[in-house]
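File shown: final_23.pdb. Contents: PDB, C-alpha atoms.
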ATOM      1  CA  MET A 223      63.089 -40.057  41.676
ATOM      2  CA  GLN A 224      62.985 -36.420  40.594
ATOM      3  CA  THR A 225      60.815 -35.279  37.706
ATOM      4  CA  VAL A 226      60.767 -31.815  36.133
ATOM      5  CA  SER A 227      57.600 -30.334  34.684
ATOM      6  CA  SER A 228      57.295 -26.971  32.967
ATOM      7  CA  TYR A 229      54.511 -24.725  31.757
ATOM      8  CA  GLY A 230      54.566 -21.579  29.626
ATOM      9  CA  VAL A 231      52.511 -18.574  30.725
ATOM     10  CA  GLU A 232      51.684 -16.066  28.000
ATOM     11  CA  ILE A 233      52.673 -12.444  28.583
ATOM     12  CA  ARG A 234      49.543 -10.534  27.578
ATOM     13  CA  LYS A 235      50.728  -6.957  27.820
ATOM     14  CA  GLN A 236      52.998  -6.498  24.805
ATOM     15  CA  ASN A 237      53.809  -2.751  24.929
ATOM     16  CA  ILE A 238      56.850  -3.436  27.069
ATOM     17  CA  PRO A 239      60.488  -3.713  25.898
ATOM     18  CA  ILE A 240      60.627  -7.526  25.747
ATOM     19  CA  ARG A 241      62.146  -7.518  22.257
ATOM     20  CA  GLN A 242      64.874  -5.004  23.219
ATOM     21  CA  THR A 243      65.707  -7.107  26.288
ATOM     22  CA  LEU A 244      65.987 -10.290  24.216
ATOM     23  CA  GLU A 245      68.166  -8.524  21.637
ATOM     24  CA  ILE A 246      70.621  -7.071  24.157
ATOM     25  CA  TYR A 247      70.906 -10.420  25.949
ATOM     26  CA  ARG A 248      71.648 -12.280  22.728
ATOM     27  CA  GLN A 249      74.179  -9.634  21.719
ATOM     28  CA  ALA A 250      75.902 -10.141  25.081
ATOM     29  CA  VAL A 251      75.945 -13.936  24.648
ATOM     30  CA  SER A 252      77.352 -13.599  21.104
ATOM     31  CA  TYR A 253      80.078 -11.217  22.267
ATOM     32  CA  LEU A 254      81.048 -13.478  25.168
ATOM     33  CA  THR A 255      81.037 -16.586  22.962
ATOM     34  CA  GLU A 256      83.519 -14.965  20.572
ATOM     35  CA  ILE A 257      85.755 -13.883  23.467
ATOM     36  CA  TYR A 258      85.800 -17.288  25.159
ATOM     37  CA  GLU A 259      86.529 -19.020  21.862
ATOM     38  CA  GLN A 260      89.606 -16.761  21.525
ATOM     39  CA  VAL A 261      90.912 -17.550  25.024
ATOM     40  CA  TRP A 262      89.703 -21.162  25.292
ATOM     41  CA  ALA A 263      93.280 -22.454  25.485
ATOM     42  CA  GLU A 264      93.672 -20.824  28.906
ATOM     43  CA  LEU A 265      90.131 -21.484  30.135
ATOM     44  CA  LYS A 266      90.256 -25.208  29.350
ATOM     45  CA  MET A 267      93.269 -25.514  31.661
ATOM     46  CA  ILE A 268      90.869 -24.907  34.595
ATOM     47  CA  PRO A 269      89.054 -28.254  35.069
ATOM     48  CA  GLU A 270      86.768 -27.216  37.950
ATOM     49  CA  ALA A 271      83.581 -25.684  36.526
ATOM     50  CA  LYS A 272      83.112 -23.036  39.239
ATOM     51  CA  LYS A 273      86.718 -21.816  39.006
ATOM     52  CA  ARG A 274      86.513 -21.746  35.212
ATOM     53  CA  PHE A 275      83.328 -19.699  35.435
ATOM     54  CA  ASN A 276      84.942 -17.239  37.873
ATOM     55  CA  ALA A 277      87.975 -16.854  35.617
ATOM     56  CA  ALA A 278      85.705 -16.293  32.604
ATOM     57  CA  GLU A 279      83.740 -13.606  34.441
ATOM     58  CA  HIS A 280      86.935 -11.869  35.608
ATOM     59  CA  LEU A 281      87.966 -11.528  31.970
ATOM     60  CA  ILE A 282      84.938  -9.368  31.178
ATOM     61  CA  HIS A 283      83.764  -7.688  34.408
ATOM     62  CA  THR A 284      85.680  -5.039  36.349
ATOM     63  CA  THR A 285      85.394  -4.817  40.146
ATOM     64  CA  LYS A 286      87.403  -3.078  42.861
ATOM     65  CA  LYS A 287      89.732  -6.081  42.960
ATOM     66  CA  ASN A 288      89.695  -6.995  39.271
ATOM     67  CA  HIS A 289      90.396  -5.153  36.029
ATOM     68  CA  ALA A 290      88.686  -6.801  33.061
ATOM     69  CA  ARG A 291      90.694  -7.651  29.960
ATOM     70  CA  PHE A 292      87.729  -7.110  27.621
ATOM     71  CA  ASP A 293      85.283  -4.197  27.380
ATOM     72  CA  PHE A 294      82.014  -6.027  28.165
ATOM     73  CA  ASP A 295      81.033  -3.496  30.867
ATOM     74  CA  ILE A 296      81.361  -0.638  28.382
ATOM     75  CA  ARG A 297      79.403  -2.405  25.649
ATOM     76  CA  PHE A 298      76.674  -3.617  28.027
ATOM     77  CA  PRO A 299      76.484  -1.056  30.850
ATOM     78  CA  LYS A 300      74.363  -1.750  33.938
ATOM     79  CA  MET A 301      73.400  -5.258  32.836
ATOM     80  CA  PRO A 302      72.008  -6.986  35.957
ATOM     81  CA  SER A 303      74.654  -9.243  37.490
ATOM     82  CA  TYR A 304      72.466 -12.373  37.446
ATOM     83  CA  LEU A 305      71.724 -11.889  33.752
ATOM     84  CA  ARG A 306      75.414 -11.251  32.995
ATOM     85  CA  ARG A 307      76.313 -14.498  34.768
ATOM     86  CA  ALA A 308      73.640 -16.375  32.843
ATOM     87  CA  ALA A 309      75.148 -15.016  29.612
ATOM     88  CA  VAL A 310      78.639 -16.091  30.726
ATOM     89  CA  GLN A 311      77.357 -19.598  31.530
ATOM     90  CA  HIS A 312      75.577 -19.891  28.179
ATOM     91  CA  ALA A 313      78.633 -18.707  26.234
ATOM     92  CA  LEU A 314      80.976 -21.074  28.091
ATOM     93  CA  GLY A 315      78.631 -23.987  27.367
ATOM     94  CA  SER A 316      78.479 -23.093  23.672
ATOM     95  CA  VAL A 317      82.264 -22.875  23.294
ATOM     96  CA  SER A 318      82.883 -26.048  25.315
ATOM     97  CA  SER A 319      80.362 -27.975  23.188
ATOM     98  CA  TYR A 320      81.861 -26.598  19.983
ATOM     99  CA  LYS A 321      85.417 -27.510  20.984
ATOM    100  CA  THR A 322      84.328 -31.041  21.935
ATOM    101  CA  ARG A 323      82.511 -31.545  18.619
ATOM    102  CA  LEU A 324      85.451 -30.067  16.712
ATOM    103  CA  GLY A 325      87.856 -32.432  18.439
ATOM    104  CA  LEU A 326      85.696 -35.453  17.582
ATOM    105  CA  TRP A 327      85.350 -34.291  13.971
ATOM    106  CA  LYS A 328      89.119 -33.970  13.624
ATOM    107  CA  LYS A 329      89.544 -37.555  14.862
ATOM    108  CA  THR A 330      87.172 -38.884  12.182
ATOM    109  CA  ASP A 331      87.585 -38.817   8.406
ATOM    110  CA  GLN A 332      86.443 -35.137   8.463
ATOM    111  CA  LYS A 333      83.921 -35.609   5.679
ATOM    112  CA  GLY A 334      81.693 -32.636   5.025
ATOM    113  CA  SER A 335      81.929 -29.290   6.771
ATOM    114  CA  GLY A 336      83.092 -29.249  10.356
ATOM    115  CA  PRO A 337      80.985 -28.148  13.341
ATOM    116  CA  LYS A 338      80.187 -24.461  13.652
ATOM    117  CA  LEU A 339      80.295 -22.274  16.721
ATOM    118  CA  VAL A 340      76.763 -21.209  17.594
ATOM    119  CA  CYS A 341      76.619 -17.771  19.185
ATOM    120  CA  GLY A 342      73.620 -16.144  20.803
ATOM    121  CA  ASN A 343      70.968 -16.869  18.156
ATOM    122  CA  HIS A 344      68.761 -18.983  20.432
ATOM    123  CA  ALA A 345      69.781 -17.772  23.897
ATOM    124  CA  MET A 346      66.845 -16.851  26.134
ATOM    125  CA  PRO A 347      67.192 -14.785  29.327
ATOM    126  CA  VAL A 348      66.339 -16.171  32.755
ATOM    127  CA  PHE A 349      64.317 -13.918  35.056
ATOM    128  CA  TYR A 350      65.795 -14.645  38.471
ATOM    129  CA  ARG A 351      63.373 -14.094  41.314
ATOM    130  CA  ASP A 352      63.547 -10.845  43.291
ATOM    131  CA  VAL A 353      66.285  -9.363  41.063
ATOM    132  CA  MET A 354      64.675  -9.874  37.637
ATOM    133  CA  TYR A 355      61.170 -11.165  38.429
ATOM    134  CA  ARG A 356      58.708 -10.234  41.150
ATOM    135  CA  GLU A 357      55.146 -11.366  41.672
ATOM    136  CA  ASP A 358      52.504  -8.644  41.796
ATOM    137  CA  ARG A 359      51.108  -8.810  45.334
ATOM    138  CA  GLU A 360      47.991  -6.839  44.397
ATOM    139  CA  GLU A 361      47.130  -8.416  41.042
ATOM    140  CA  LYS A 362      47.239 -12.222  40.993
ATOM    141  CA  ASP A 363      47.655 -12.398  37.200
ATOM    142  CA  GLY A 364      50.458  -9.838  37.081
ATOM    143  CA  ALA A 365      54.205  -9.695  37.639
ATOM    144  CA  TYR A 366      57.118  -7.284  37.381
ATOM    145  CA  LEU A 367      60.044  -7.953  35.043
ATOM    146  CA  LYS A 368      63.340  -6.080  34.862
ATOM    147  CA  LEU A 369      63.710  -5.148  31.189
ATOM    148  CA  TYR A 370      66.015  -3.096  28.993
ATOM    149  CA  ASP A 371      64.246  -0.079  27.467
ATOM    150  CA  GLY A 372      67.085   0.841  25.101
ATOM    151  CA  HIS A 373      68.854   3.025  27.660
ATOM    152  CA  ASP A 374      68.566   1.424  31.091
ATOM    153  CA  TRP A 375      67.275  -1.596  33.016
ATOM    154  CA  LYS A 376      63.939  -0.849  34.691
ATOM    155  CA  TRP A 377      61.017  -2.674  36.299
ATOM    156  CA  PHE A 378      57.925  -3.080  34.094
ATOM    157  CA  ARG A 379      54.603  -4.519  35.127
ATOM    158  CA  VAL A 380      53.298  -7.278  32.839
ATOM    159  CA  SER A 381      49.883  -8.904  32.582
ATOM    160  CA  LEU A 382      49.913 -12.691  32.405
ATOM    161  CA  SER A 383      47.285 -14.950  30.869
ATOM    162  CA  HIS A 384      44.535 -15.576  33.437
ATOM    163  CA  THR A 385      43.909 -19.090  32.027
ATOM    164  CA  ASP A 386      47.599 -20.017  32.311
ATOM    165  CA  MET A 387      47.920 -18.594  35.823
ATOM    166  CA  GLU A 388      44.779 -20.445  36.940
ATOM    167  CA  TYR A 389      46.334 -23.677  35.651
ATOM    168  CA  LEU A 390      49.477 -23.051  37.732
ATOM    169  CA  ARG A 391      47.464 -22.169  40.828
ATOM    170  CA  LYS A 392      45.328 -25.290  40.448
ATOM    171  CA  ASN A 393      48.110 -27.772  39.702
ATOM    172  CA  TRP A 394      51.239 -26.320  41.282
ATOM    173  CA  ALA A 395      50.083 -24.397  44.350
ATOM    174  CA  GLY A 396      52.649 -24.698  47.143
ATOM    175  CA  LYS A 397      55.340 -26.089  44.817
ATOM    176  CA  LYS A 398      58.488 -24.025  44.287
ATOM    177  CA  ALA A 399      59.146 -22.981  40.713
ATOM    178  CA  ALA A 400      62.585 -22.357  39.219
ATOM    179  CA  ALA A 401      63.317 -18.894  37.858
ATOM    180  CA  PRO A 402      61.152 -18.420  34.742
ATOM    181  CA  VAL A 403      62.801 -18.397  31.321
ATOM    182  CA  LEU A 404      61.614 -16.166  28.480
ATOM    183  CA  GLU A 405      60.221 -18.073  25.521
ATOM    184  CA  LYS A 406      59.005 -16.897  22.112
ATOM    185  CA  ARG A 407      56.470 -18.855  20.075
ATOM    186  CA  HIS A 408      54.563 -17.615  17.020
ATOM    187  CA  ARG A 409      55.384 -13.970  17.715
ATOM    188  CA  LYS A 410      54.118 -14.288  21.282
ATOM    189  CA  TYR A 411      56.215 -14.194  24.452
ATOM    190  CA  PHE A 412      55.874 -16.557  27.399
ATOM    191  CA  LEU A 413      57.455 -17.124  30.788
ATOM    192  CA  ARG A 414      58.243 -20.823  31.215
ATOM    193  CA  PHE A 415      58.072 -21.989  34.818
ATOM    194  CA  SER A 416      59.700 -25.305  35.799
ATOM    195  CA  TYR A 417      58.823 -27.417  38.831
ATOM    196  CA  THR A 418      60.833 -30.269  40.336
ATOM    197  CA  GLU A 419      58.989 -33.050  42.146
ATOM    198  CA  GLU A 420      60.017 -36.122  44.084
ATOM    199  CA  VAL A 421      58.055 -39.049  42.651
ATOM    200  CA  PRO A 422      58.246 -42.423  44.452
ATOM    201  CA  LEU A 423      59.202 -45.351  42.261
ATOM    202  CA  THR A 424      56.612 -48.110  42.166
ATOM    203  CA  LYS A 425      57.753 -51.699  42.034
ATOM    204  CA  THR A 426      56.384 -53.658  39.115
ATOM    205  CA  PRO A 427      55.351 -57.205  39.952
ATOM    206  CA  GLY A 428      57.969 -59.680  38.726
TER     207      GLY A 428
END
Would you mind writing the structure in this file as structure tokens?
Amino acid sequence: MQTVSSYGVEIRKQNIPIRQTLEIYRQAVSYLTEIYEQVWAELKMIPEAKKRFNAAEHLIHTTKKNHARFDFDIRFPKMPSYLRRAAVQHALGSVSSYKTRLGLWKKTDQKGSGPKLVCGNHAMPVFYRDVMYREDREEKDGAYLKLYDGHDWKWFRVSLSHTDMEYLRKNWAGKKAAAPVLEKRHRKYFLRFSYTEEVPLTKTPG
């Protein structure tokens, strides 16, 4: 059986544009959520998740072979593609959940206020390895994050809590971690690393 464990590592160096990065990501998620709610009638006609995702991305991102219907690229220029796709996925999930809850509410006696569409208030960016997150080869308690400085997306070196990193090295050495997710707790920022393990099931005596 598979088990997932996670651990948050505190980002110690705070004079980096973490807050600006979080704000621009949440703005992107909010914008996409509003768009997909508008066009949900056409998106819900695509049952396969991957095809629906591709159609949703084509609506907002222009390429050589595709002209976007909405101006996401102008509003959020140079946003890294992996982060844009994470925002698309989050927005699609929010709208799908909202539409499901709304449908169930309409089938009941509809007492009280109906469900509300949650935009990007709680969305947290994922730092995909190599393109958004890189380990510091020279400093074992450091890493590089791609962050938004208010004008452009650039690499910034961050210092990570030595105690937290020692815990990961002691308990999770050799295990592959999923891409870390930004987390905010008590005005502090963390990178949450998740690990998936195969755990054998033990038979209980009958």
Q.
Excluding range 254-262 of chain A and its own-chain neighbours fewer than 2 positions away, which residues fall within 12 Å of it when counting only C-alpha atoms? Please give them as a PyMOL selection string.
A. chain A and resi 247-252+264-268+274-275+277-283+291-295+297-298+306-322+338-343+345
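Closest approach to Glu419 in chain A among A:Leu404, A:Ala399, A:Val353, A:Ile296 is made by A:Ala399 (distances from all atoms listed in the file).
Here CA of Asn288 in chain A stands at a distance of 25.9 Å from CA of His373 in chain A.
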When the PyMOL selection byres ((chain A and resi 240) around 12) is applied to the file above, which residues end up in the set, as a compact mmCIF listing (two decimals) with C-alpha atoms, in the frame of the given file?
# COMPACT_ATOMS: atom_id res chain seq x y z
CA ILE A 233 52.67 -12.44 28.58
CA ARG A 234 49.54 -10.53 27.58
CA LYS A 235 50.73 -6.96 27.82
CA GLN A 236 53.00 -6.50 24.80
CA ASN A 237 53.81 -2.75 24.93
CA ILE A 238 56.85 -3.44 27.07
CA PRO A 239 60.49 -3.71 25.90
CA ARG A 241 62.15 -7.52 22.26
CA GLN A 242 64.87 -5.00 23.22
CA THR A 243 65.71 -7.11 26.29
CA LEU A 244 65.99 -10.29 24.22
CA GLU A 245 68.17 -8.52 21.64
CA ILE A 246 70.62 -7.07 24.16
CA TYR A 247 70.91 -10.42 25.95
CA MET A 346 66.84 -16.85 26.13
CA PRO A 347 67.19 -14.78 29.33
CA PHE A 349 64.32 -13.92 35.06
CA LEU A 367 60.04 -7.95 35.04
CA LYS A 368 63.34 -6.08 34.86
CA LEU A 369 63.71 -5.15 31.19
CA TYR A 370 66.02 -3.10 28.99
CA ASP A 371 64.25 -0.08 27.47
CA GLY A 372 67.08 0.84 25.10
CA TRP A 375 67.28 -1.60 33.02
CA LYS A 376 63.94 -0.85 34.69
CA TRP A 377 61.02 -2.67 36.30
CA PHE A 378 57.92 -3.08 34.09
CA ARG A 379 54.60 -4.52 35.13
CA VAL A 380 53.30 -7.28 32.84
CA LEU A 404 61.61 -16.17 28.48
CA GLU A 405 60.22 -18.07 25.52
CA LYS A 406 59.00 -16.90 22.11
CA ARG A 409 55.38 -13.97 17.72
CA LYS A 410 54.12 -14.29 21.28
CA TYR A 411 56.22 -14.19 24.45
CA PHE A 412 55.87 -16.56 27.40
CA LEU A 413 57.46 -17.12 30.79
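If you look at CA of Ser227 in chain A and CA of Tyr350 in chain A, they are 18.1 Å away from each other.
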Q | Interatomic distance, CA of Asp358 in chain A to CA of Pro402 in chain A (Å, one decimal) | A |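 Calculated distance between CA of Asp358 in chain A and CA of Pro402 in chain A is 14.8 Å.
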Q. A:Lys333, A:His408, A:Lys272, A:Lys398: which is nearest Ser228 in chain A, counting only C-alpha atoms?
A. A:Lys398
Q: Give as a PyMOL selection string each residue that has an atom at most 10 Å from (57.7, -23.7, 37.0) in the file, counting all atoms listed in the file.
A: chain A and resi 226-231+390+394+397-403+413-418
Evaluate the PyMOL selection byres ((chain A and resi 361-365) around 8) on the structure here and hand back the selected residues as a PDB file with C-alpha atoms, keeping the file's coordinate frame.
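The resulting expr.pdb:
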ATOM      1  CA  TYR A 355      61.170 -11.165  38.429  1.00  0.00           C
ATOM      2  CA  ARG A 356      58.708 -10.234  41.150  1.00  0.00           C
ATOM      3  CA  GLU A 357      55.146 -11.366  41.672  1.00  0.00           C
ATOM      4  CA  ASP A 358      52.504  -8.644  41.796  1.00  0.00           C
ATOM      5  CA  ARG A 359      51.108  -8.810  45.334  1.00  0.00           C
ATOM      6  CA  GLU A 360      47.991  -6.839  44.397  1.00  0.00           C
ATOM      7  CA  TYR A 366      57.118  -7.284  37.381  1.00  0.00           C
ATOM      8  CA  LEU A 367      60.044  -7.953  35.043  1.00  0.00           C
ATOM      9  CA  ARG A 379      54.603  -4.519  35.127  1.00  0.00           C
ATOM     10  CA  VAL A 380      53.298  -7.278  32.839  1.00  0.00           C
ATOM     11  CA  SER A 381      49.883  -8.904  32.582  1.00  0.00           C
ATOM     12  CA  LEU A 382      49.913 -12.691  32.405  1.00  0.00           C
ATOM     13  CA  SER A 383      47.285 -14.950  30.869  1.00  0.00           C
ATOM     14  CA  HIS A 384      44.535 -15.576  33.437  1.00  0.00           C
ATOM     15  CA  MET A 387      47.920 -18.594  35.823  1.00  0.00           C
TER      16      MET A 387
END
